[in-house]
file start.pdb (PDB, C-alpha atoms)
ATOM      1  CA  MET A   1       0.000   0.000   0.000  1.00  0.00           C
ATOM      2  CA  ALA A   2       1.343   3.426  -0.919  1.00  0.00           C
ATOM      3  CA  HIS A   3       2.208   5.837   1.853  1.00  0.00           C
ATOM      4  CA  PRO A   4       4.137   9.121   2.088  1.00  0.00           C
ATOM      5  CA  TYR A   5       7.222   7.504   3.631  1.00  0.00           C
ATOM      6  CA  GLU A   6       8.106   5.030   0.882  1.00  0.00           C
ATOM      7  CA  ILE A   7      11.419   6.814   0.325  1.00  0.00           C
ATOM      8  CA  PHE A   8      12.659   5.389   3.634  1.00  0.00           C
ATOM      9  CA  GLU A   9      11.535   1.795   3.091  1.00  0.00           C
ATOM     10  CA  GLY A  10      14.377  -0.691   2.790  1.00  0.00           C
ATOM     11  CA  THR A  11      16.924   1.615   4.411  1.00  0.00           C
ATOM     12  CA  PRO A  12      18.964   0.552   7.431  1.00  0.00           C
ATOM     13  CA  LEU A  13      17.158   3.233   9.458  1.00  0.00           C
ATOM     14  CA  TRP A  14      13.765   1.775   8.526  1.00  0.00           C
ATOM     15  CA  ASP A  15      14.916  -1.732   9.399  1.00  0.00           C
ATOM     16  CA  ILE A  16      16.282  -0.827  12.843  1.00  0.00           C
ATOM     17  CA  ILE A  17      13.186   1.182  13.789  1.00  0.00           C
ATOM     18  CA  ASP A  18      10.979  -1.698  12.628  1.00  0.00           C
ATOM     19  CA  LYS A  19      12.979  -4.098  14.806  1.00  0.00           C
ATOM     20  CA  GLY A  20      12.708  -1.751  17.779  1.00  0.00           C
ATOM     21  CA  ILE A  21       8.953  -1.450  17.386  1.00  0.00           C
ATOM     22  CA  ASN A  22       8.651  -5.231  17.053  1.00  0.00           C
ATOM     23  CA  ASP A  23      10.566  -5.674  20.302  1.00  0.00           C
ATOM     24  CA  LEU A  24       8.396  -3.122  22.116  1.00  0.00           C
ATOM     25  CA  VAL A  25       5.163  -4.694  20.848  1.00  0.00           C
ATOM     26  CA  GLU A  26       6.307  -8.206  21.773  1.00  0.00           C
ATOM     27  CA  ASN A  27       7.192  -7.015  25.295  1.00  0.00           C
ATOM     28  CA  ASN A  28       3.784  -5.316  25.597  1.00  0.00           C
ATOM     29  CA  ASP A  29       5.524  -1.973  26.099  1.00  0.00           C
ATOM     30  CA  ILE A  30       3.523  -0.293  23.327  1.00  0.00           C
ATOM     31  CA  GLU A  31       0.338  -0.956  21.387  1.00  0.00           C
ATOM     32  CA  GLU A  32       0.139   0.070  17.746  1.00  0.00           C
ATOM     33  CA  THR A  33      -2.974   1.977  16.778  1.00  0.00           C
ATOM     34  CA  ALA A  34      -1.682   3.246  13.425  1.00  0.00           C
ATOM     35  CA  GLN A  35      -0.345   1.310  10.473  1.00  0.00           C
ATOM     36  CA  ARG A  36       3.254   0.250  11.022  1.00  0.00           C
ATOM     37  CA  GLU A  37       4.415   1.997   7.837  1.00  0.00           C
ATOM     38  CA  TYR A  38       3.212   5.343   9.165  1.00  0.00           C
ATOM     39  CA  ILE A  39       4.848   4.860  12.561  1.00  0.00           C
ATOM     40  CA  ILE A  40       8.217   3.870  11.123  1.00  0.00           C
ATOM     41  CA  GLY A  41       8.039   6.419   8.333  1.00  0.00           C
ATOM     42  CA  TYR A  42       7.307   9.307  10.639  1.00  0.00           C
ATOM     43  CA  LEU A  43      10.211   8.405  12.921  1.00  0.00           C
ATOM     44  CA  CYS A  44      12.519   8.067   9.902  1.00  0.00           C
ATOM     45  CA  LYS A  45      11.385  11.482   8.695  1.00  0.00           C
ATOM     46  CA  LEU A  46      12.143  13.090  12.061  1.00  0.00           C
ATOM     47  CA  ILE A  47      15.588  11.509  12.273  1.00  0.00           C
ATOM     48  CA  ASN A  48      16.337  12.463   8.674  1.00  0.00           C
ATOM     49  CA  GLN A  49      15.342  16.079   9.343  1.00  0.00           C
ATOM     50  CA  LEU A  50      17.607  16.159  12.402  1.00  0.00           C
ATOM     51  CA  GLU A  51      20.544  14.814  10.390  1.00  0.00           C
ATOM     52  CA  ILE A  52      20.030  17.440   7.681  1.00  0.00           C
ATOM     53  CA  LYS A  53      19.760  20.208  10.273  1.00  0.00           C
ATOM     54  CA  ASN A  54      23.015  19.124  11.928  1.00  0.00           C
ATOM     55  CA  GLU A  55      25.038  19.060   8.686  1.00  0.00           C
TER      56      GLU A  55
END
call {"tool": "encode", "arguments": {"input": "start.pdb", "output": "C-alpha cells"}}
result
Amino acid sequence: MAHPYEIFEGTPLWDIIDKGINDLVENNDIEETAQREYIIGYLCKLINQLEIKNE
C-alpha cells in the first residue's frame, strides 16, 4: 500500500526502527494503533530532518 514515507523503506534506518517497534510490541511496552508503515516512516522522517539540520 502506498504511503508518504516510501522513500525510507528498505533503508537501514527503517529496518532498525521496525525491529525496535517489534521488540516493544512483543514485550507489551507499546500498542500500535496506526499502520506500522506510518509509525516507522514518521520516525525516519524526524531523524532524517535532524541529520540534515546538523550538517
call {"tool": "resolve_selection", "arguments": {"input": "start.pdb", "expression": "the PyMOL selection byres ((chain A and resi 5-7) around 9)", "output": "PyMOL selection string"}}
result
chain A and resi 2-4+8-11+37-38+40-42+44-45
call {"tool": "axis_aligned_box", "arguments": {"input": "start.pdb", "around": "region 33-42 of chain A", "padding_each_side": "5 Å", "output": "lines of an AutoDock Vina configuration file"}}
result
center_x = 2.6
center_y = 4.8
center_z = 12.3
size_x = 21.2
size_y = 19.1
size_z = 18.9
call {"tool": "atom_distance", "arguments": {"input": "start.pdb", "atom1": "CA of Leu24 (chain A)", "atom2": "CA of Leu43 (chain A)"}}
result
14.9 Å
call {"tool": "atom_distance", "arguments": {"input": "start.pdb", "atom1": "CA of Asn22 (chain A)", "atom2": "CA of Gln49 (chain A)"}}
result
23.6 Å
call {"tool": "closest_residue", "arguments": {"input": "start.pdb", "among": "A:Ile39, A:Leu46, A:Ile52, A:Ala34", "to": "Gly20 (chain A)", "atoms": "all atoms listed in the file"}}
result
A:Ile39
call {"tool": "atom_distance", "arguments": {"input": "start.pdb", "atom1": "CA of Ile30 (chain A)", "atom2": "CA of Ile17 (chain A)"}}
result
13.7 Å
call {"tool": "decode", "arguments": {"input": "start.pdb", "residues": "region 4-20 of chain A", "atoms": "all heavy atoms", "output": "compact mmCIF listing (two decimals), in the first residue's frame"}}
result
# COMPACT_ATOMS: atom_id res chain seq x y z
N PRO A 4 3.22 8.00 2.36
CA PRO A 4 4.14 9.12 2.09
C PRO A 4 5.58 8.88 2.52
O PRO A 4 6.43 9.73 2.29
CB PRO A 4 3.52 10.27 2.88
CG PRO A 4 2.71 9.63 3.95
CD PRO A 4 2.23 8.33 3.37
N TYR A 5 5.88 7.75 3.12
CA TYR A 5 7.22 7.50 3.63
C TYR A 5 7.97 6.42 2.86
O TYR A 5 8.97 5.89 3.35
CB TYR A 5 7.15 7.13 5.12
CG TYR A 5 6.42 8.16 5.94
CD1 TYR A 5 5.16 7.88 6.48
CD2 TYR A 5 6.97 9.40 6.18
CE1 TYR A 5 4.49 8.82 7.24
CE2 TYR A 5 6.30 10.35 6.93
CZ TYR A 5 5.07 10.06 7.46
OH TYR A 5 4.40 11.00 8.20
N GLU A 6 7.51 6.11 1.67
CA GLU A 6 8.11 5.03 0.88
C GLU A 6 9.59 5.25 0.62
O GLU A 6 10.34 4.30 0.48
CB GLU A 6 7.37 4.85 -0.44
CG GLU A 6 6.01 4.22 -0.26
CD GLU A 6 5.27 4.03 -1.57
OE1 GLU A 6 5.64 4.68 -2.58
OE2 GLU A 6 4.31 3.25 -1.57
N ILE A 7 10.01 6.50 0.58
CA ILE A 7 11.42 6.81 0.33
C ILE A 7 12.35 6.18 1.37
O ILE A 7 13.50 5.88 1.08
CB ILE A 7 11.63 8.35 0.27
CG1 ILE A 7 13.02 8.69 -0.19
CG2 ILE A 7 11.34 8.99 1.60
CD1 ILE A 7 13.25 10.15 -0.50
N PHE A 8 11.84 5.96 2.56
CA PHE A 8 12.66 5.39 3.63
C PHE A 8 12.62 3.86 3.69
O PHE A 8 13.47 3.26 4.36
CB PHE A 8 12.21 5.94 4.99
CG PHE A 8 12.35 7.43 5.11
CD1 PHE A 8 11.22 8.23 5.18
CD2 PHE A 8 13.58 8.04 5.14
CE1 PHE A 8 11.33 9.60 5.29
CE2 PHE A 8 13.71 9.41 5.24
CZ PHE A 8 12.58 10.20 5.32
N GLU A 9 11.66 3.26 3.03
CA GLU A 9 11.53 1.80 3.09
C GLU A 9 12.79 1.12 2.55
O GLU A 9 13.36 1.55 1.57
CB GLU A 9 10.32 1.32 2.29
CG GLU A 9 9.04 1.43 3.05
CD GLU A 9 7.91 0.67 2.40
OE1 GLU A 9 7.84 -0.55 2.59
OE2 GLU A 9 7.11 1.32 1.71
N GLY A 10 13.22 0.07 3.23
CA GLY A 10 14.38 -0.69 2.79
C GLY A 10 15.71 -0.10 3.23
O GLY A 10 16.75 -0.68 2.94
N THR A 11 15.67 1.02 3.92
CA THR A 11 16.92 1.61 4.41
C THR A 11 17.29 0.97 5.75
O THR A 11 16.44 0.42 6.44
CB THR A 11 16.77 3.13 4.61
OG1 THR A 11 15.81 3.39 5.65
CG2 THR A 11 16.34 3.83 3.32
N PRO A 12 18.57 1.07 6.11
CA PRO A 12 18.96 0.55 7.43
C PRO A 12 18.20 1.23 8.57
O PRO A 12 17.86 0.57 9.56
CB PRO A 12 20.46 0.86 7.51
CG PRO A 12 20.90 0.92 6.08
CD PRO A 12 19.73 1.50 5.33
N LEU A 13 17.92 2.52 8.43
CA LEU A 13 17.16 3.23 9.46
C LEU A 13 15.77 2.63 9.61
O LEU A 13 15.31 2.37 10.73
CB LEU A 13 17.07 4.72 9.11
CG LEU A 13 16.28 5.60 10.08
CD1 LEU A 13 16.89 5.55 11.47
CD2 LEU A 13 16.22 7.03 9.56
N TRP A 14 15.10 2.38 8.51
CA TRP A 14 13.76 1.77 8.53
C TRP A 14 13.82 0.42 9.24
O TRP A 14 13.00 0.12 10.10
CB TRP A 14 13.25 1.60 7.09
CG TRP A 14 11.87 1.04 6.99
CD1 TRP A 14 11.50 -0.27 7.12
CD2 TRP A 14 10.67 1.76 6.75
NE1 TRP A 14 10.15 -0.42 6.95
CE2 TRP A 14 9.62 0.83 6.73
CE3 TRP A 14 10.38 3.11 6.53
CZ2 TRP A 14 8.30 1.20 6.50
CZ3 TRP A 14 9.06 3.47 6.30
CH2 TRP A 14 8.04 2.52 6.29
N ASP A 15 14.81 -0.38 8.85
CA ASP A 15 14.92 -1.73 9.40
C ASP A 15 15.14 -1.73 10.91
O ASP A 15 14.54 -2.53 11.63
CB ASP A 15 16.04 -2.50 8.70
CG ASP A 15 15.73 -2.76 7.23
OD1 ASP A 15 14.54 -2.69 6.83
OD2 ASP A 15 16.68 -3.03 6.47
N ILE A 16 16.00 -0.84 11.41
CA ILE A 16 16.28 -0.83 12.84
C ILE A 16 15.09 -0.30 13.64
O ILE A 16 14.79 -0.79 14.73
CB ILE A 16 17.58 -0.04 13.16
CG1 ILE A 16 18.08 -0.37 14.56
CG2 ILE A 16 17.39 1.44 13.01
CD1 ILE A 16 18.61 -1.74 14.74
N ILE A 17 14.38 0.68 13.10
CA ILE A 17 13.19 1.18 13.79
C ILE A 17 12.10 0.10 13.80
O ILE A 17 11.43 -0.10 14.81
CB ILE A 17 12.68 2.49 13.16
CG1 ILE A 17 13.68 3.62 13.43
CG2 ILE A 17 11.29 2.86 13.68
CD1 ILE A 17 13.37 4.92 12.74
N ASP A 18 11.96 -0.61 12.70
CA ASP A 18 10.98 -1.70 12.63
C ASP A 18 11.30 -2.77 13.67
O ASP A 18 10.41 -3.25 14.38
CB ASP A 18 10.98 -2.30 11.23
CG ASP A 18 9.89 -3.33 11.02
OD1 ASP A 18 8.76 -3.13 11.53
OD2 ASP A 18 10.15 -4.34 10.33
N LYS A 19 12.58 -3.11 13.80
CA LYS A 19 12.98 -4.10 14.81
C LYS A 19 12.68 -3.59 16.21
O LYS A 19 12.16 -4.33 17.05
CB LYS A 19 14.47 -4.43 14.69
CG LYS A 19 14.91 -5.46 15.70
CD LYS A 19 16.40 -5.62 15.76
CE LYS A 19 16.86 -6.63 16.79
NZ LYS A 19 16.16 -6.70 18.04
N GLY A 20 12.97 -2.32 16.46
CA GLY A 20 12.71 -1.75 17.78
C GLY A 20 11.23 -1.77 18.12
O GLY A 20 10.84 -2.12 19.25
